[in-house]
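**Q** Here it is, the structure, as structure tokens.
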Amino acid sequence: MRYVAAYLLAVLGGNESPTSKDLKKILDSVGIETDDERMNKVISELNGKNIEDVIAQGNGKLASMPAGGAVAVSAGGGSAAPAAAAAPAAREYLRRGIVTCSSSFLC
């Protein structure tokens, strides 16, 4: 998950094709050790793909899975919390110069 998160941060910062060096820089900045094999697996799976399409496909797959015993949460209230929690971390990466910004959402 850490490699996917670093990949998404790099893409959000404007790097359309992050390398292992880019992900390592992001993860090292917050003290996370990297496993080159796993990191390269994530990069090979996501490289050349539109991240928004990948996320949309994943959401479609999750929507079709049974949620046995889960409590229903309205889409309006539940989806804003993760984004709000991620924004300060993303701004910190921007402040440190780890990623650059091409998104009007963060800038």
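Ordering of the structure tokens sets the chain letters (A, B, ...), residue numbers begin anew at 1 in every chain, and ligands are numbered from 1 in the order given.
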When you look at A:Met1 with a cut-off of 10 Å (counting only C-alpha atoms), what residues show up, excluding the ones that are within fewer than 4 positions of it in the same chain? I need them as a list in words.

**A** Ala5, Ala6, Tyr7, Arg38, Met39 and Val42 of chain A

**Q** Need to verify the contact set: A:Pro18, 10 Å, only C-alpha atoms, exclusion of same-chain residues closer than 2 positions in sequence. Can you return it as a list of chain:residue names?

**A** A:Ala6, A:Tyr7, A:Leu8, A:Leu9, A:Ala10, A:Val11, A:Gly14, A:Asn15, A:Glu16, A:Ser20, A:Lys21, A:Asp22, A:Leu23, A:Ile43, A:Leu46, A:Asn47, A:Gly48

**Q** Between atom CA of A:Gly13 and atom CA of A:Glu37, what distance in Å does the model show, to one decimal?

**A**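 If I compute the distance from atom CA of A:Gly13 to atom CA of A:Glu37, I get 23.8 Å.
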
**Q** Tell me which of A:Leu12, A:Glu45, A:Asn50, A:Arg2 sits closest to A:Val30, counting only C-alpha atoms.

**A**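 Distance minimum relative to A:Val30 lands on A:Arg2.
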
**Q** Separation of atom CA of A:Ile51 and atom CA of A:Lys24, in Å?

**A**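 Straight-line distance from atom CA of A:Ile51 to atom CA of A:Lys24 works out to 19.2 Å.
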
**Q** Here is a test: counting only C-alpha atoms, which residue of A:Lys49, A:Asn59, A:Asp28, A:Lys41 is nearest to A:Val4?

**A** A:Lys41

**Q** At what distance in Å, to one decimal, does atom CA of A:Tyr3 lie from atom CA of A:Glu33?

**A**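 Going from atom CA of A:Glu33 over to atom CA of A:Tyr3, I get 10.6 Å.
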